[in-house]
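The next block is final-v2.tsv, given as TSV, C-alpha atoms.
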chain	number	residue	atom	x	y	z
A	1	MET	CA	116.41	83.61	-40.78
A	2	ARG	CA	115.37	79.98	-40.50
A	3	SER	CA	118.75	78.84	-41.88
A	4	SER	CA	120.53	80.96	-39.28
A	5	ASN	CA	118.45	79.49	-36.45
A	6	ASN	CA	119.12	75.95	-37.66
A	7	ALA	CA	122.85	76.62	-37.80
A	8	SER	CA	122.78	78.02	-34.26
A	9	LEU	CA	120.89	74.98	-33.00
A	10	MET	CA	123.36	72.61	-34.65
A	11	LEU	CA	126.27	74.44	-33.02
A	12	GLN	CA	124.64	74.13	-29.60
A	13	VAL	CA	124.05	70.39	-30.09
A	14	PHE	CA	127.67	69.90	-31.22
A	15	ALA	CA	129.00	71.78	-28.18
A	16	LEU	CA	126.88	69.67	-25.83
A	17	CYS	CA	128.08	66.42	-27.41
A	18	LEU	CA	131.71	67.57	-27.19
A	19	LEU	CA	131.28	68.46	-23.50
A	20	LEU	CA	129.78	65.06	-22.69
A	21	SER	CA	132.56	63.29	-24.59
A	22	LEU	CA	135.28	65.17	-22.71
A	23	SER	CA	133.69	64.45	-19.34
A	24	GLU	CA	133.75	60.70	-20.08
A	25	GLN	CA	137.40	60.84	-21.22
A	26	HIS	CA	138.57	62.54	-18.04
A	27	LEU	CA	136.58	60.15	-15.84
A	28	TYR	CA	136.56	62.49	-12.89
A	29	ALA	CA	134.05	62.23	-10.06
A	30	VAL	CA	132.06	65.42	-10.42
A	31	ALA	CA	128.65	66.38	-9.12
A	32	PHE	CA	125.58	66.08	-11.33
A	33	ALA	CA	122.02	66.78	-10.24
A	34	SER	CA	120.58	63.57	-11.58
A	35	PRO	CA	119.17	61.22	-8.94
A	36	THR	CA	118.36	57.78	-10.23
A	37	LYS	CA	116.07	54.94	-9.36
A	38	CYS	CA	117.29	52.69	-6.56
A	39	VAL	CA	117.82	48.97	-7.04
A	40	SER	CA	116.37	46.36	-4.73
A	41	ARG	CA	118.17	45.18	-1.62
A	42	CYS	CA	120.41	42.15	-1.91
A	43	ARG	CA	119.42	39.08	0.07
A	44	TYR	CA	122.66	38.72	2.02
A	45	GLN	CA	123.75	42.23	2.90
A	46	SER	CA	122.11	45.36	4.21
A	47	LEU	CA	122.38	48.05	1.54
A	48	HIS	CA	121.81	51.77	1.92
A	49	LEU	CA	120.38	52.72	-1.44
A	50	ALA	CA	118.96	56.21	-1.70
A	51	PRO	CA	118.50	58.85	-4.42
A	52	GLN	CA	122.05	59.27	-5.63
A	53	GLN	CA	124.18	61.53	-7.78
A	54	LEU	CA	124.73	60.13	-11.27
A	55	GLY	CA	124.60	56.34	-11.53
A	56	GLU	CA	123.57	53.79	-8.95
A	57	PHE	CA	125.12	51.13	-6.77
A	58	LYS	CA	124.43	47.48	-7.48
A	59	PRO	CA	125.89	44.63	-5.43
A	60	ILE	CA	128.93	43.18	-7.17
A	61	ASN	CA	127.12	39.89	-7.87
A	62	LEU	CA	124.34	41.77	-9.71
A	63	VAL	CA	126.61	43.79	-12.00
A	64	GLY	CA	126.01	42.71	-15.59
A	65	ASP	CA	123.15	41.01	-17.36
A	66	GLU	CA	122.57	38.25	-14.83
A	67	GLU	CA	123.26	37.38	-11.20
A	68	LYS	CA	126.57	35.61	-10.68
A	69	GLN	CA	128.41	33.88	-7.87
A	70	ILE	CA	131.38	35.76	-6.44
A	71	ASP	CA	134.12	33.59	-4.94
A	72	ARG	CA	136.01	35.99	-2.71
A	73	SER	CA	138.75	33.43	-2.07
A	74	ASN	CA	139.85	33.82	-5.71
A	75	ARG	CA	139.69	37.63	-5.63
A	76	ARG	CA	142.66	38.43	-3.42
A	77	VAL	CA	143.83	42.03	-3.08
A	78	TRP	CA	146.97	43.43	-1.44
A	79	LEU	CA	146.38	45.49	1.71
A	80	TYR	CA	148.94	48.13	2.68
A	81	ASP	CA	147.79	48.72	6.25
A	82	PHE	CA	149.66	51.59	7.92
A	83	VAL	CA	147.10	51.74	10.74
A	84	SER	CA	146.67	48.28	12.25
A	85	ASN	CA	150.27	47.26	11.62
A	86	THR	CA	151.79	50.07	13.68
A	87	GLN	CA	151.91	50.56	17.43
A	88	ASN	CA	152.80	54.24	17.51
A	89	ASP	CA	149.82	55.94	15.86
A	90	ASP	CA	152.00	56.67	12.83
A	91	LYS	CA	151.04	59.48	10.45
A	92	ILE	CA	152.12	59.22	6.82
A	93	PRO	CA	153.25	62.38	4.97
A	94	TYR	CA	150.93	63.08	2.06
A	95	GLU	CA	153.61	63.06	-0.65
A	96	GLU	CA	154.89	59.69	0.56
A	97	ALA	CA	151.46	58.06	0.22
A	98	TRP	CA	150.86	59.85	-3.09
A	99	ASP	CA	154.11	58.41	-4.47
A	100	LEU	CA	153.06	54.91	-3.37
A	101	GLN	CA	149.71	55.32	-5.14
A	102	LYS	CA	151.39	56.44	-8.36
A	103	ARG	CA	153.87	53.57	-8.21
A	104	LEU	CA	151.10	51.00	-7.73
A	105	MET	CA	149.09	52.53	-10.58
A	106	GLU	CA	152.10	52.38	-12.92
A	107	GLN	CA	152.56	48.71	-12.02
A	108	GLN	CA	148.90	48.11	-12.85
A	109	LEU	CA	149.29	49.85	-16.22
A	110	SER	CA	152.35	47.72	-16.96
A	111	ARG	CA	150.35	44.60	-16.10
A	112	ILE	CA	147.63	45.63	-18.55
A	113	GLY	CA	150.18	46.16	-21.34
A	114	LYS	CA	150.26	48.68	-24.16
A	115	ARG	CA	147.21	47.37	-25.99
A	116	PRO	CA	144.08	48.42	-24.09
A	117	LYS	CA	141.91	45.99	-26.10
A	118	GLY	CA	144.24	43.06	-25.63
A	119	PRO	CA	144.19	40.73	-22.60
A	120	PRO	CA	146.26	41.86	-19.59
A	121	LEU	CA	149.66	40.26	-19.21
A	122	TYR	CA	148.67	38.97	-15.76
A	123	ASN	CA	145.55	38.61	-13.63
A	124	GLN	CA	144.62	41.61	-11.48
A	125	PHE	CA	144.09	39.43	-8.39
A	126	ILE	CA	146.83	37.78	-6.32
A	127	PRO	CA	147.21	34.13	-7.36
A	128	VAL	CA	145.64	31.78	-4.82
A	129	ASN	CA	148.87	29.76	-4.54
A	130	ALA	CA	151.07	32.85	-4.11
A	131	ASP	CA	151.72	31.85	-0.48
A	132	LYS	CA	153.41	28.67	-1.65
A	133	ASP	CA	156.86	28.54	-3.19
A	134	ASP	CA	155.93	26.37	-6.16
A	135	GLY	CA	157.48	28.22	-9.07
A	136	ILE	CA	154.87	30.93	-9.48
A	137	ASP	CA	155.99	33.76	-11.80
A	138	SER	CA	157.01	36.66	-9.55
A	139	ASN	CA	155.81	39.12	-12.20
A	140	SER	CA	152.24	37.95	-11.57
A	141	LEU	CA	152.47	39.42	-8.05
A	142	VAL	CA	153.27	42.90	-9.36
A	143	GLY	CA	150.45	45.15	-10.48
A	144	CYS	CA	147.72	43.29	-8.66
A	145	ASP	CA	144.85	45.23	-7.09
A	146	SER	CA	145.82	46.98	-3.86
A	147	ILE	CA	144.20	49.02	-1.09
A	148	ILE	CA	146.14	51.45	1.12
A	149	MET	CA	144.88	52.40	4.60
A	150	LEU	CA	146.53	55.13	6.66
A	151	GLN	CA	146.21	58.39	8.53
A	152	HIS	CA	148.02	61.45	7.23
A	153	GLU	CA	149.95	64.25	8.77
A	154	PRO	CA	147.79	67.42	8.50
A	155	VAL	CA	147.31	68.55	4.88
A	156	TYR	CA	144.76	70.33	2.68
A	157	THR	CA	144.36	68.81	-0.78
A	158	LEU	CA	142.90	70.49	-3.86
A	159	GLY	CA	141.47	68.64	-6.86
A	160	THR	CA	142.44	69.40	-10.44
A	161	ALA	CA	139.83	72.15	-10.79
A	162	SER	CA	139.35	73.09	-7.12
A	163	ASP	CA	138.57	76.71	-6.29
A	164	THR	CA	141.22	78.15	-3.94
A	165	SER	CA	138.63	80.57	-2.52
A	166	PHE	CA	137.42	77.63	-0.41
A	167	ILE	CA	140.68	77.91	1.60
A	168	ARG	CA	139.75	80.66	4.02
A	169	ASP	CA	143.10	82.50	4.26
A	170	TYR	CA	144.27	81.95	0.67
A	171	ASP	CA	144.82	85.07	-1.47
A	172	ASP	CA	144.93	85.62	-5.23
A	173	SER	CA	148.73	85.71	-5.29
A	174	GLY	CA	148.81	82.06	-4.25
A	175	ASN	CA	149.93	82.76	-0.71
A	176	SER	CA	148.33	81.28	2.37
A	177	GLU	CA	148.85	82.02	6.03
A	178	SER	CA	147.71	78.51	6.87
A	179	ARG	CA	150.05	76.44	8.99
A	180	ILE	CA	148.68	73.40	7.12
A	181	PRO	CA	150.47	72.39	3.88
A	182	ILE	CA	148.41	72.70	0.69
A	183	VAL	CA	148.82	70.17	-2.14
A	184	ARG	CA	147.07	70.18	-5.53
A	185	ILE	CA	146.51	66.67	-6.85
A	186	GLU	CA	144.88	64.91	-9.80
A	187	ARG	CA	141.55	63.84	-8.28
A	188	GLY	CA	138.11	65.32	-8.77
A	189	GLY	CA	136.27	67.36	-6.14
A	190	GLU	CA	136.97	70.47	-4.09
A	191	VAL	CA	139.34	71.12	-1.19
A	192	THR	CA	139.37	68.73	1.74
A	193	TYR	CA	141.46	68.02	4.83
A	194	HIS	CA	143.41	64.93	5.89
A	195	GLY	CA	145.03	64.45	9.26
A	196	PRO	CA	145.34	62.47	12.50
A	197	GLY	CA	142.23	60.64	13.65
A	198	GLN	CA	140.95	60.24	10.09
A	199	LEU	CA	141.04	56.93	8.21
A	200	THR	CA	142.08	57.49	4.60
A	201	VAL	CA	141.60	54.66	2.09
A	202	TYR	CA	143.24	54.57	-1.35
A	203	PRO	CA	142.05	51.67	-3.56
A	204	ILE	CA	144.26	51.01	-6.59
A	205	LEU	CA	141.85	48.76	-8.46
A	206	ASP	CA	141.30	47.65	-12.04
A	207	LEU	CA	137.57	48.20	-12.53
A	208	ARG	CA	137.51	45.54	-15.24
A	209	GLY	CA	137.19	43.07	-12.38
A	210	TYR	CA	134.29	44.94	-10.76
A	211	ASN	CA	132.23	47.27	-12.94
A	212	GLN	CA	133.63	49.60	-15.62
A	213	ASP	CA	131.53	52.54	-14.49
A	214	ILE	CA	133.02	55.43	-12.52
A	215	HIS	CA	129.64	56.35	-11.07
A	216	TRP	CA	129.10	52.81	-9.80
A	217	TYR	CA	132.58	52.97	-8.25
A	218	MET	CA	131.82	56.20	-6.40
A	219	ARG	CA	128.57	54.75	-5.10
A	220	ALA	CA	130.46	51.58	-4.05
A	221	LEU	CA	132.93	53.64	-1.99
A	222	GLU	CA	129.98	55.32	-0.28
A	223	GLU	CA	128.30	51.94	0.27
A	224	ALA	CA	131.42	50.49	1.89
A	225	THR	CA	131.56	53.53	4.19
A	226	LEU	CA	127.90	53.19	5.12
A	227	LEU	CA	128.37	49.50	5.90
A	228	ALA	CA	131.46	50.17	8.05
A	229	LEU	CA	129.58	52.85	10.00
A	230	GLU	CA	126.69	50.46	10.55
A	231	LYS	CA	129.08	47.80	11.85
A	232	ALA	CA	130.53	50.42	14.24
A	233	GLY	CA	127.09	51.28	15.61
A	234	VAL	CA	126.61	54.64	13.89
A	235	SER	CA	122.91	55.07	13.13
A	236	GLY	CA	121.34	57.37	10.58
A	237	ALA	CA	124.28	57.50	8.15
A	238	THR	CA	123.11	58.18	4.61
A	239	ARG	CA	123.85	59.62	1.20
A	240	GLU	CA	122.48	63.00	0.22
A	241	GLU	CA	120.94	63.79	-3.12
A	242	ASP	CA	123.23	65.54	-5.64
A	243	VAL	CA	126.42	65.43	-3.51
A	244	THR	CA	129.07	62.77	-2.94
A	245	GLY	CA	130.10	61.39	0.44
A	246	VAL	CA	128.31	60.13	3.54
A	247	TRP	CA	126.37	62.17	6.08
A	248	VAL	CA	125.14	61.79	9.67
A	249	SER	CA	122.58	64.22	11.12
A	250	ASP	CA	123.15	66.64	8.22
A	251	LYS	CA	126.92	66.67	8.87
A	252	LYS	CA	129.54	65.16	6.57
A	253	ILE	CA	131.41	62.22	8.05
A	254	ALA	CA	133.17	60.89	4.93
A	255	ALA	CA	134.39	62.37	1.64
A	256	CYS	CA	135.22	60.74	-1.70
A	257	GLY	CA	137.39	61.89	-4.60
A	258	VAL	CA	139.05	59.73	-7.25
A	259	LYS	CA	140.98	59.60	-10.50
A	260	LEU	CA	140.88	56.88	-13.14
A	261	LYS	CA	143.37	56.04	-15.87
A	262	ARG	CA	142.53	53.21	-18.26
A	263	TRP	CA	140.06	52.01	-15.61
A	264	ILE	CA	142.70	51.90	-12.87
A	265	THR	CA	141.63	53.89	-9.78
A	266	MET	CA	143.61	56.04	-7.38
A	267	HIS	CA	142.82	58.39	-4.47
A	268	GLY	CA	139.62	57.33	-2.68
A	269	LEU	CA	137.82	58.14	0.55
A	270	ALA	CA	138.41	59.59	4.01
A	271	ILE	CA	136.34	58.91	7.15
A	272	ASN	CA	136.57	61.08	10.25
A	273	VAL	CA	136.91	58.69	13.19
A	274	ASP	CA	138.02	60.46	16.37
A	275	LEU	CA	137.75	64.10	17.45
A	276	ARG	CA	141.28	64.95	16.29
A	277	SER	CA	140.05	64.59	12.70
A	278	LEU	CA	137.86	67.71	13.05
A	279	GLU	CA	140.54	70.11	14.28
A	280	ASN	CA	141.52	71.80	11.01
A	281	PHE	CA	138.34	71.79	8.96
A	282	ASP	CA	137.66	75.36	10.08
A	283	GLY	CA	140.41	76.54	7.71
A	284	ILE	CA	138.46	75.50	4.61
A	285	VAL	CA	134.98	75.15	3.17
A	286	PRO	CA	135.02	71.31	3.03
A	287	CYS	CA	134.24	70.04	-0.48
A	288	GLY	CA	133.08	73.55	-1.37
A	289	LEU	CA	129.81	73.12	0.52
A	290	GLU	CA	129.29	76.44	2.26
A	291	GLY	CA	127.47	76.25	5.59
A	292	ARG	CA	127.75	72.47	5.97
A	293	GLU	CA	129.38	71.01	9.08
A	294	VAL	CA	131.56	67.94	9.52
A	295	THR	CA	131.40	65.24	12.17
A	296	CYS	CA	133.23	62.06	13.16
A	297	VAL	CA	132.41	58.53	14.29
A	298	ASN	CA	133.06	59.22	17.99
A	299	ASP	CA	130.85	62.31	17.85
A	300	ALA	CA	128.00	60.27	16.36
A	301	ILE	CA	127.85	57.52	19.01
A	302	ASP	CA	127.70	57.56	22.79
A	303	GLU	CA	128.30	54.00	23.91
A	304	LYS	CA	131.84	53.54	22.53
A	305	GLN	CA	134.80	55.69	21.54
A	306	TYR	CA	136.73	54.10	18.69
A	307	THR	CA	140.44	54.17	18.10
A	308	LEU	CA	141.49	54.39	14.47
A	309	GLN	CA	142.76	50.81	14.66
A	310	GLU	CA	139.40	49.53	15.92
A	311	PHE	CA	137.39	51.27	13.22
A	312	THR	CA	139.79	50.04	10.53
A	313	ILE	CA	138.62	46.48	11.29
A	314	HIS	CA	135.06	47.42	10.26
A	315	MET	CA	136.29	49.23	7.14
A	316	LYS	CA	138.27	46.19	5.99
A	317	ALA	CA	135.23	43.93	6.40
A	318	ALA	CA	133.01	46.39	4.52
A	319	LEU	CA	135.42	46.70	1.58
A	320	GLU	CA	135.68	42.92	1.30
A	321	GLU	CA	131.90	42.59	1.26
A	322	ILE	CA	131.09	45.39	-1.16
A	323	PHE	CA	133.86	44.64	-3.68
A	324	GLY	CA	133.72	40.84	-3.28
A	325	ILE	CA	137.39	40.50	-2.36
A	326	THR	CA	139.74	39.06	0.25
A	327	LEU	CA	142.38	41.42	1.62
A	328	VAL	CA	145.91	40.03	1.99
A	329	SER	CA	148.27	42.05	4.19
A	330	THR	CA	151.63	43.00	2.74
A	331	THR	CA	154.59	45.08	3.81
A	332	THR	CA	156.05	48.00	1.91
Give the structure from the file, written as structure tokens.
Amino acid sequence: MRSSNNASLMLQVFALCLLLSLSEQHLYAVAFASPTKCVSRCRYQSLHLAPQQLGEFKPINLVGDEEKQIDRSNRRVWLYDFVSNTQNDDKIPYEEAWDLQKRLMEQQLSRIGKRPKGPPLYNQFIPVNADKDDGIDSNSLVGCDSIIMLQHEPVYTLGTASDTSFIRDYDDSGNSESRIPIVRIERGGEVTYHGPGQLTVYPILDLRGYNQDIHWYMRALEEATLLALEKAGVSGATREEDVTGVWVSDKKIAACGVKLKRWITMHGLAINVDLRSLENFDGIVPCGLEGREVTCVNDAIDEKQYTLQEFTIHMKAALEEIFGITLVSTTT
């Protein structure tokens, strides 16, 4: 009997180890009930550290064994800005932005080369002298870190393992009476909505230049959102224990969902800015959180009503501060 019990225990331990190994290989942002100890506030920026999901956020200069100086002027990142650079409140079809993300990720993977342990073929940041025509290798401008900012045409997106029951009029045959297109993509998380009035941000970053930790990255996306909301005058924004995203007055204002491949990120975060962004959430259970409401920036403040373009300014500044980068606008 004792031998049988020992064998059963060994099988359970093996299964647990295999599960943990697979979860690290997939590198998806999934929810774990494991709040961790907060780190101290940095001297030069106001952080919003609270009991978090798995992992913790540390300022970029404190990542590693010792504090280091971050020279943002040498950490230049392409910005594909489809919000500020348009005059007509343009909405980008989801598949079009998805294709751009995949193309930028493939360029990053080409930059890294076929040997993961070898040095990348080129630096992940835009060369400082790239603005000057002094014989710089054009290949070194391809595959650099990039951030996409846009607003989508209305769409519901499902993660790789999302439960379709969270789409309210979806049936088992795969049909939906929804007038909103439904797209299944390769990120983690449950169903969410993208549409007009919502700022969607897709960082295509090589985490080797930041912190090779998916949980740190998720907390950094939340931190950038919290900082942008603070700059916009939204008070009371916070994380919530055991769930991703950012909340105001017990309502979700921003959602996060990502995918990583060889430490290159895609997908990202979405922040509800004006009231249009709330129009189609009633067709789903956002992020699979039954009974939880959503809100937007303009619903959370009284003194000012933001346009998407105005709020984007705060988001750019927050991303530069949290990731220690300088954004360089580019055209597609």
- request: May I have the residues within 12 Å of Ile313 in chain A as a PyMOL selection string, using all atoms listed in the file and disregarding those fewer than 6 positions away in the same chain?
  value: chain A and resi 81+83-85+149+199+227-229+231-232+306-307+319-320+327
query: Could you list as number ranges by chain every residue that has an atom within 8 Å of (139.8, 55.0, 4.2), using the file's coordinates and counting all atoms listed in the file?
result: A: 148-150, 198-202, 268-271, 315
query: Rounded to one decimal in Å, what is the spacing between CA of Ile185 in chain A and CA of Ile60 in chain A?
result: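 Here the two named atoms are 29.3 Å from each other.
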- prompt: What separation in Å, quoted to one decimal, exists between CA of Lys58 in chain A and CA of Trp216 in chain A?
  reply: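 Going from CA of Lys58 in chain A over to CA of Trp216 in chain A covers 7.5 Å.
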message: Residues within 7 Å of range 217-219 of chain A, please, as a list of chain:residue names. Count only C-alpha atoms; anything in the same chain fewer than 3 positions from it doesn't count.
response: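 These residues fall inside the cut-off: A:Glu56, A:Phe57, A:Asp213, A:Ile214, A:Glu222, A:Glu223.
Note that the spacing between CA of Ala254 in chain A and CA of Ser329 in chain A amounts to 24.2 Å.
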query: Around (132.8, 60.2, 14.0) in the file's frame, which residues reach within 7 Å when counting all atoms listed in the file? Return as number ranges by chain?
result: A: 253, 272-274, 295-300
field: Among listed residues A:Gly195, A:Asn280, A:Arg208, A:Glu230, nearest Pro119 in chain A (using all atoms listed in the file)
entry: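 The closest residue to Pro119 in chain A is A:Arg208.
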